[in-house]
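Data from coords29.cif: mmCIF, C-alpha atoms
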```
data_model
loop_
_atom_site.label_atom_id
_atom_site.label_comp_id
_atom_site.auth_asym_id
_atom_site.auth_seq_id
_atom_site.Cartn_x
_atom_site.Cartn_y
_atom_site.Cartn_z
CA MET A 93 42.30 205.22 113.86
CA PRO A 94 41.39 201.54 113.99
CA ARG A 95 44.00 199.19 115.33
CA ILE A 96 44.74 195.53 114.88
CA VAL A 97 45.74 193.98 118.18
CA VAL A 98 48.04 190.97 118.18
CA GLU A 99 48.59 188.98 121.36
CA VAL A 100 51.50 186.57 121.75
CA MET A 101 52.07 184.23 124.71
CA PRO A 102 54.86 181.81 125.58
CA LYS A 103 53.85 178.24 124.73
CA PRO A 104 52.29 176.37 127.67
CA GLU A 105 55.09 173.78 127.73
CA ILE A 106 57.84 176.44 127.70
CA LEU A 107 58.86 177.58 131.15
CA ASP A 108 58.22 181.32 131.42
CA PRO A 109 60.96 182.58 133.77
CA GLN A 110 59.54 186.12 133.92
CA GLY A 111 56.04 184.92 134.74
CA LYS A 112 57.45 182.63 137.41
CA ALA A 113 59.38 185.50 139.00
CA ILE A 114 56.24 187.66 139.06
CA ALA A 115 54.23 184.80 140.58
CA SER A 116 56.74 184.38 143.38
CA ALA A 117 56.75 188.15 144.09
CA LEU A 118 52.95 188.60 144.28
CA PRO A 119 52.50 187.12 147.78
CA HIS A 120 55.06 189.60 149.16
CA LEU A 121 52.57 192.37 148.35
CA GLY A 122 49.64 190.47 149.82
CA PHE A 123 48.24 189.07 146.54
CA GLU A 124 47.71 185.50 147.69
CA ASP A 125 45.10 184.16 145.28
CA PHE A 126 47.22 183.44 142.20
CA SER A 127 49.04 180.15 141.73
CA ALA A 128 50.76 181.04 138.44
CA VAL A 129 51.53 183.98 136.16
CA ARG A 130 52.50 183.96 132.49
CA GLN A 131 53.77 187.06 130.75
CA GLY A 132 53.12 187.68 127.06
CA LYS A 133 53.23 190.53 124.56
CA ARG A 134 50.55 192.75 123.03
CA PHE A 135 51.21 194.52 119.72
CA GLU A 136 49.01 197.32 118.34
CA LEU A 137 49.17 197.81 114.57
CA THR A 138 47.57 201.08 113.51
CA VAL A 139 45.82 201.24 110.14
CA GLU A 140 45.08 204.41 108.11
CA GLY A 141 41.36 204.37 107.30
CA GLU A 142 39.48 201.06 107.18
CA VAL A 143 40.84 197.71 108.29
CA THR A 144 40.63 195.77 105.05
CA ASP A 145 40.71 191.99 104.78
CA GLU A 146 44.13 192.44 103.19
CA ALA A 147 45.41 194.42 106.20
CA LEU A 148 44.07 191.81 108.59
CA ALA A 149 45.67 189.03 106.55
CA GLN A 150 48.98 190.91 106.62
CA ALA A 151 48.71 191.32 110.39
CA ARG A 152 48.14 187.57 110.77
CA ARG A 153 51.19 186.85 108.62
CA ALA A 154 53.34 189.37 110.54
CA ALA A 155 52.16 187.75 113.78
CA GLU A 156 53.23 184.29 112.62
CA GLU A 157 56.46 185.22 110.84
CA MET A 158 57.90 188.09 112.87
CA LEU A 159 55.99 189.14 115.99
CA SER A 160 56.14 185.61 117.40
CA ASN A 161 58.74 182.86 117.32
CA PRO A 162 56.76 179.63 116.77
CA VAL A 163 59.42 177.62 118.61
CA ILE A 164 58.62 179.30 121.92
CA GLU A 165 55.46 181.37 121.44
CA ASP A 166 51.83 181.09 120.27
CA VAL A 167 49.80 183.82 118.57
CA VAL A 168 46.69 183.69 120.76
CA ASP A 169 44.68 186.51 119.16
CA VAL A 170 44.60 188.84 116.14
CA ARG A 171 41.58 191.18 116.28
CA VAL A 172 40.39 194.61 115.18
CA GLU A 173 39.86 197.24 117.86
CA GLU A 174 38.12 200.53 117.10
CA SER A 175 39.47 203.35 119.24
CA MET B 258 104.91 185.71 114.83
CA ALA B 259 104.64 189.35 113.88
CA GLU B 260 103.02 191.67 116.35
CA THR B 261 99.25 191.49 116.10
CA PRO B 262 97.64 194.87 115.43
CA LEU B 263 95.45 196.43 118.07
CA ILE B 264 91.77 195.66 118.33
CA GLY B 265 90.63 198.72 116.37
CA ASP B 266 92.40 197.63 113.20
CA LEU B 267 90.04 195.22 111.45
CA GLY B 268 91.91 194.81 108.19
CA ALA B 269 95.45 193.86 109.05
CA SER B 270 96.62 190.28 109.23
CA PRO B 271 99.78 188.93 110.84
CA ALA B 272 102.53 188.63 108.26
CA GLY B 273 103.64 185.18 107.24
CA ALA B 274 100.81 183.30 108.92
CA ALA B 275 100.41 179.84 107.43
CA LEU B 276 96.81 180.32 106.38
CA ASP B 277 97.04 184.01 105.54
CA GLY B 278 94.57 184.66 102.78
CA ALA B 279 91.55 182.81 104.20
CA ARG B 280 88.95 185.57 104.46
CA ILE B 281 86.68 185.35 107.49
CA GLY B 282 83.81 187.85 107.50
CA VAL B 283 82.71 189.37 110.82
CA VAL B 284 79.20 190.84 110.76
CA THR B 285 78.30 194.05 112.58
CA PHE B 286 74.66 194.90 113.34
CA PRO B 287 73.51 197.99 115.24
CA GLY B 288 74.21 196.90 118.82
CA THR B 289 76.85 194.26 118.06
CA LEU B 290 79.70 194.60 120.54
CA ASP B 291 82.01 191.59 120.15
CA ASP B 292 82.88 192.13 116.48
CA ARG B 293 86.34 193.56 117.20
CA ASP B 294 87.22 190.67 119.53
CA ALA B 295 86.03 188.20 116.89
CA ALA B 296 88.13 189.92 114.22
CA ARG B 297 91.16 189.78 116.48
CA ALA B 298 90.57 186.08 117.16
CA VAL B 299 90.48 185.47 113.40
CA ARG B 300 93.79 187.29 112.98
CA LEU B 301 95.47 185.52 115.91
CA ALA B 302 94.41 182.21 114.34
CA GLY B 303 96.12 183.25 111.10
CA GLY B 304 93.16 184.40 109.02
CA HIS B 305 92.21 187.67 107.40
CA ALA B 306 89.27 189.41 109.11
CA VAL B 307 86.83 191.10 106.72
CA PRO B 308 84.31 193.53 108.24
CA LEU B 309 80.74 192.97 106.99
CA TRP B 310 77.92 195.46 107.61
CA HIS B 311 74.37 194.22 108.19
CA ALA B 312 72.96 196.43 105.41
CA ASP B 313 75.41 195.13 102.80
CA ASP B 314 73.94 193.08 99.98
CA THR B 315 77.11 191.06 99.37
CA LEU B 316 79.30 188.74 101.41
CA ALA B 317 82.49 190.23 99.87
CA GLU B 318 83.66 186.78 98.74
CA VAL B 319 84.56 185.64 102.24
CA ASP B 320 85.41 181.99 102.95
CA ALA B 321 83.50 181.84 106.27
CA VAL B 322 81.47 184.16 108.50
CA VAL B 323 81.32 184.88 112.23
CA VAL B 324 78.10 186.40 113.60
CA PRO B 325 79.39 187.85 116.86
CA GLY B 326 77.77 188.59 120.20
CA GLY B 327 76.17 191.74 121.56
CA PHE B 328 72.65 193.11 121.62
CA SER B 329 71.64 193.61 118.00
CA TYR B 330 68.78 196.11 117.80
CA GLY B 331 68.83 196.19 121.60
CA ASP B 332 67.29 192.69 121.64
CA TYR B 333 63.94 194.42 121.03
CA LEU B 334 61.07 192.07 120.11
CA ARG B 335 63.22 188.99 120.91
CA ALA B 336 67.00 188.48 120.96
CA GLY B 337 68.13 188.25 117.33
CA ALA B 338 64.62 188.59 115.88
CA ILE B 339 65.06 191.84 113.96
CA SER B 340 68.60 191.13 112.73
CA ARG B 341 67.29 188.13 110.87
CA PHE B 342 65.68 190.47 108.32
CA ALA B 343 68.92 192.34 107.45
CA PRO B 344 69.89 192.20 103.74
CA LEU B 345 73.20 190.52 104.59
CA MET B 346 71.35 187.72 106.42
CA SER B 347 69.55 186.74 103.20
CA ARG B 348 72.91 186.34 101.44
CA LEU B 349 74.30 184.50 104.47
CA THR B 350 71.35 182.09 104.61
CA GLU B 351 71.65 181.31 100.88
CA ALA B 352 75.39 180.68 101.15
CA ALA B 353 75.13 178.61 104.34
CA THR B 354 72.47 176.32 102.89
CA ALA B 355 74.15 175.79 99.51
CA GLY B 356 74.76 172.22 98.40
CA THR B 357 77.12 170.09 100.44
CA GLY B 358 80.78 170.88 99.96
CA ALA B 359 80.13 174.47 98.93
CA ALA B 360 78.18 175.49 102.03
CA LEU B 361 79.64 178.53 103.77
CA PRO B 362 80.97 177.90 107.30
CA VAL B 363 79.06 180.17 109.73
CA LEU B 364 79.66 180.57 113.46
CA GLY B 365 77.12 182.35 115.68
CA ILE B 366 78.31 183.34 119.14
CA CYS B 367 75.80 184.36 121.86
CA ASN B 368 73.57 186.98 120.17
CA GLY B 369 74.90 185.54 116.90
CA PHE B 370 73.56 182.11 117.96
CA GLN B 371 70.19 183.73 118.72
CA ILE B 372 70.22 185.36 115.26
CA LEU B 373 70.96 182.00 113.58
CA THR B 374 68.01 180.34 115.34
CA GLU B 375 65.70 183.22 114.38
CA ALA B 376 66.96 182.85 110.78
CA HIS B 377 66.09 179.11 110.97
CA LEU B 378 69.69 178.13 110.18
CA LEU B 379 69.72 176.32 113.54
CA PRO B 380 66.73 174.75 115.35
CA GLY B 381 65.32 175.76 118.73
CA SER B 382 65.40 179.12 120.46
CA MET B 383 66.83 180.97 123.42
CA ILE B 384 64.75 182.28 126.32
CA LYS B 385 65.63 184.17 129.50
CA ASN B 386 67.98 182.38 131.92
CA ASP B 387 65.99 180.30 134.41
CA HIS B 388 67.40 182.38 137.31
CA LEU B 389 66.60 185.66 135.44
CA LYS B 390 70.09 187.10 136.07
CA PHE B 391 72.78 188.18 133.68
CA ARG B 392 75.51 185.58 134.13
CA CYS B 393 79.19 186.35 133.53
CA ALA B 394 81.72 183.65 134.44
CA ASP B 395 84.34 181.31 133.07
CA GLN B 396 82.50 178.25 131.81
CA VAL B 397 83.76 174.71 131.29
CA LEU B 398 82.45 173.04 128.12
CA ARG B 399 82.83 169.57 126.66
CA VAL B 400 83.47 169.47 122.90
CA GLU B 401 81.16 166.65 121.80
CA ASN B 402 81.51 166.87 118.03
CA THR B 403 84.87 167.39 116.35
CA SER B 404 83.60 166.95 112.79
CA THR B 405 82.12 170.43 112.31
CA ALA B 406 83.91 173.18 110.38
CA TRP B 407 84.55 175.02 113.65
CA THR B 408 85.68 172.18 115.94
CA SER B 409 87.90 169.97 113.76
CA GLN B 410 91.06 170.71 115.73
CA PHE B 411 89.66 169.80 119.13
CA THR B 412 90.05 166.28 120.44
CA ALA B 413 86.95 164.20 121.19
CA ASP B 414 85.35 165.08 124.54
CA GLU B 415 88.00 167.75 125.16
CA LEU B 416 87.19 170.04 128.10
CA ILE B 417 87.70 173.73 127.40
CA THR B 418 87.14 176.90 129.44
CA VAL B 419 85.83 180.09 127.85
CA PRO B 420 83.90 183.08 129.22
CA LEU B 421 80.09 183.02 129.27
CA LYS B 422 78.07 186.24 129.50
CA ASN B 423 74.36 186.39 128.75
CA GLN B 424 70.84 186.98 130.02
CA ASP B 425 68.90 185.06 127.37
CA GLY B 426 71.00 181.92 127.22
CA GLN B 427 68.51 179.18 128.06
CA TYR B 428 68.38 176.88 125.03
CA VAL B 429 64.94 175.36 124.42
CA ALA B 430 63.53 173.12 121.71
CA ASP B 431 60.70 170.58 121.59
CA GLU B 432 61.39 166.95 122.51
CA ASP B 433 61.49 165.76 118.89
CA THR B 434 64.09 168.38 117.98
CA LEU B 435 66.21 167.56 121.04
CA ALA B 436 66.06 163.85 120.21
CA ARG B 437 67.10 164.57 116.63
CA LEU B 438 70.02 166.79 117.74
CA GLU B 439 71.24 164.12 120.16
CA GLY B 440 70.71 161.26 117.71
CA GLU B 441 72.59 162.99 114.90
CA GLY B 442 75.46 164.12 117.11
CA ARG B 443 74.61 167.76 116.57
CA VAL B 444 75.15 168.83 120.17
CA VAL B 445 78.62 170.35 119.65
CA PHE B 446 79.30 171.92 123.06
CA ARG B 447 77.76 170.90 126.39
CA TYR B 448 77.98 172.67 129.76
CA VAL B 449 80.08 170.81 132.34
CA GLY B 450 79.34 171.36 136.02
CA ALA B 451 76.32 173.41 137.06
CA ASN B 452 74.04 174.34 134.15
CA PRO B 453 74.44 178.16 134.02
CA ASN B 454 71.03 179.03 132.54
CA GLY B 455 68.67 176.02 132.52
CA SER B 456 69.39 175.00 128.91
CA ARG B 457 67.76 171.72 127.85
CA HIS B 458 70.16 168.75 127.95
CA ASP B 459 72.91 171.15 129.16
CA ILE B 460 73.28 172.30 125.56
CA ALA B 461 75.77 175.14 125.01
CA GLY B 462 76.17 174.81 121.25
CA ILE B 463 74.71 172.95 118.27
CA SER B 464 75.29 172.56 114.54
CA ASN B 465 73.13 172.20 111.45
CA ALA B 466 72.95 168.85 109.67
CA GLY B 467 75.86 169.78 107.37
CA GLY B 468 78.17 170.78 110.23
CA ASN B 469 79.05 174.06 108.53
CA VAL B 470 76.77 176.18 110.73
CA VAL B 471 77.55 176.18 114.47
CA GLY B 472 76.04 178.31 117.23
CA LEU B 473 77.15 178.55 120.84
CA MET B 474 76.31 180.79 123.79
CA PRO B 475 79.74 181.11 125.51
CA HIS B 476 82.47 183.24 123.93
CA PRO B 477 85.53 181.52 122.42
CA GLU B 478 86.67 184.85 120.93
CA HIS B 479 87.32 186.16 124.45
CA ALA B 480 89.83 183.37 125.20
CA VAL B 481 92.39 183.59 122.42
CA GLU B 482 95.27 185.44 124.00
CA ALA B 483 97.23 184.85 127.20
CA GLY B 484 96.64 187.69 129.62
CA TYR B 485 93.08 188.37 128.46
CA GLY B 486 91.33 184.99 128.39
CA SER B 487 89.66 182.74 130.91
CA GLU B 488 91.44 181.46 134.00
CA ASP B 489 92.94 178.00 133.75
CA SER B 490 95.54 175.80 135.38
CA THR B 491 98.39 177.73 133.74
CA GLY B 492 97.44 180.95 135.47
CA MET B 493 95.18 183.93 135.78
CA ARG B 494 93.46 184.85 132.47
CA ASN B 495 95.92 182.67 130.57
CA GLY B 496 93.29 180.44 128.94
CA THR B 497 93.37 180.39 125.13
CA ASP B 498 91.04 177.43 124.51
CA GLY B 499 88.80 179.54 122.27
CA LEU B 500 91.50 180.00 119.63
CA THR B 501 91.04 176.41 118.43
CA VAL B 502 87.54 177.30 117.16
CA PHE B 503 89.14 179.77 114.76
CA THR B 504 92.14 177.64 113.76
CA SER B 505 89.66 174.82 113.12
CA VAL B 506 87.78 176.74 110.45
CA LEU B 507 91.00 177.86 108.78
CA SER B 508 92.15 174.26 108.77
CA SER B 509 88.80 173.11 107.36
CA LEU B 510 89.04 175.75 104.63
CA ALA B 511 92.57 174.66 103.79
CA GLY B 512 91.11 171.19 103.29
CA SER B 513 93.61 169.64 105.62
CA ASP B 514 92.47 168.65 109.06
CA ALA B 515 95.97 167.36 109.73
CA ALA B 516 97.43 170.83 109.24
CA GLY B 517 98.82 170.65 112.71
CA ASP B 518 97.83 170.88 116.34
CA SER B 519 97.45 174.57 117.09
CA LYS B 520 97.83 174.14 120.82
#
```
The structure given in the file should be rewritten as structure tokens.
Amino acid sequence: MPRIVVEVMPKPEILDPQGKAIASALPHLGFEDFSAVRQGKRFELTVEGEVTDEALAQARRAAEEMLSNPVIEDVVDVRVEES
Amino acid sequence: MAETPLIGDLGASPAGAALDGARIGVVTFPGTLDDRDAARAVRLAGGHAVPLWHADDTLAEVDAVVVPGGFSYGDYLRAGAISRFAPLMSRLTEAATAGTGAALPVLGICNGFQILTEAHLLPGSMIKNDHLKFRCADQVLRVENTSTAWTSQFTADELITVPLKNQDGQYVADEDTLARLEGEGRVVFRYVGANPNGSRHDIAGISNAGGNVVGLMPHPEHAVEAGYGSEDSTGMRNGTDGLTVFTSVLSSLAGSDAAGDSK
């Protein structure tokens, strides 16, 4: 089944407390090369049959109106992925 | 005053209360957990608590609504995000944004505040506390706006103590929104002392432009009864500062802000 993948990230100017906590924990495990981490969300919307333009448009609207909160998050990608 | 019924009894109201008859709806979503405390606070203030269910399509002719705290839908997606789409929230949004004078007073507490921001009844949003921990403590607040439906019986700049308990309590908004809130006097409650969660401008609670919709993170409904409230100078758990939030709305509904000092 084809899937539409939606990726949502916290806005750059919004402090991401979870990402910051992960960044500060990485060196404890010997991962020294990363100066910052930001944690986002990935949604997979499964479609029966073909991904129509209508389905893709609906996914974009869901991403803007429900899957993300525009006050704190950006929709960074909405794309079709064939499994 | 007649004995107040136990927490489980949502319908009863104390007999002979001055403002008996004002109907304050208390919304329950799957995962709400402070609805019974909110209903009890309404009754102790002299109102009639009306249980509202998230799937209802009517507000049952209530005079005001409390959206209480908890973890509606387990806070999945984002805190308050899924609750926003409940049928009752459509009715609530319509009633709360009606023309001036007729607009329904709505109070969102903690998760209720998060729901009101997701519903766009209040600006901004809540993100995880800057220290990432669940914080539970008595919290001192300054009441900075006494002209809202829910704060009319406080005195200007009054300091109150109520419990705070949350994990996603960091209030954020862009600079323009913060400037507008400050400029229009819409910061209603501000944290005093150490900021407990990193909220911008130490904001604990805000209102909409009309002053009928108020949201705050700390819990006034947990400080309405001596023996169960926050700690204050009068003794352990004796604090009842939160009760004034509920007497304020009853007073606003009665159309008489001079109805008497409840404290």
Check what the PyMOL selection byres ((chain A) within 8 of (chain B)) selects in the file above and give those residues as a PDB file with C-alpha atoms, keeping the file's coordinate frame.
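What follows is the written file part-v4.pdb:
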```
ATOM      1  CA  ILE A 106      57.840 176.440 127.700  1.00  0.00           C
ATOM      2  CA  PRO A 109      60.960 182.580 133.770  1.00  0.00           C
ATOM      3  CA  GLN A 110      59.540 186.120 133.920  1.00  0.00           C
ATOM      4  CA  MET A 158      57.900 188.090 112.870  1.00  0.00           C
ATOM      5  CA  LEU A 159      55.990 189.140 115.990  1.00  0.00           C
ATOM      6  CA  ASN A 161      58.740 182.860 117.320  1.00  0.00           C
ATOM      7  CA  VAL A 163      59.420 177.620 118.610  1.00  0.00           C
ATOM      8  CA  ILE A 164      58.620 179.300 121.920  1.00  0.00           C
TER       9      ILE A 164
END
```
- Taking the file as shown, find all residues satisfying the PyMOL selection byres ((chain A and resi 139) around 6) and write them as a ChimeraX atom specification. /A:94-95,138,140
Box in all listed atoms of stretch 337-349 of chain B, axis-aligned, with 6 Å more on each side; write out centre and edge lengths in Å to one decimal as AutoDock Vina command-line options.
```
--center_x 69.5 --center_y 188.4 --center_z 109.4 --size_x 21.7 --size_y 19.8 --size_z 27.9
```
- Query: Which is closer to A:Leu137 than all the others in A:Asp125, A:Gln150, A:Ala113, A:Ser160, using all atoms listed in the file?
  - Reply: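 Comparing A:Asp125, A:Gln150, A:Ala113, A:Ser160 against A:Leu137, the winner is A:Gln150.
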- Task: Name the residues, using the chain letters and numbers of the file, that sit within 8 Å of (76.9, 183.1, 122.5) when counting all atoms listed in the file, and give them as a PyMOL selection string.
- Result: chain B and resi 325-326+365-371+421-423+426+472-476
- Task: Would you mind reading off the distance between atom CA of A:Glu105 and atom CA of A:Pro119, one decimal, in Å?
- Result: 24.2 Å
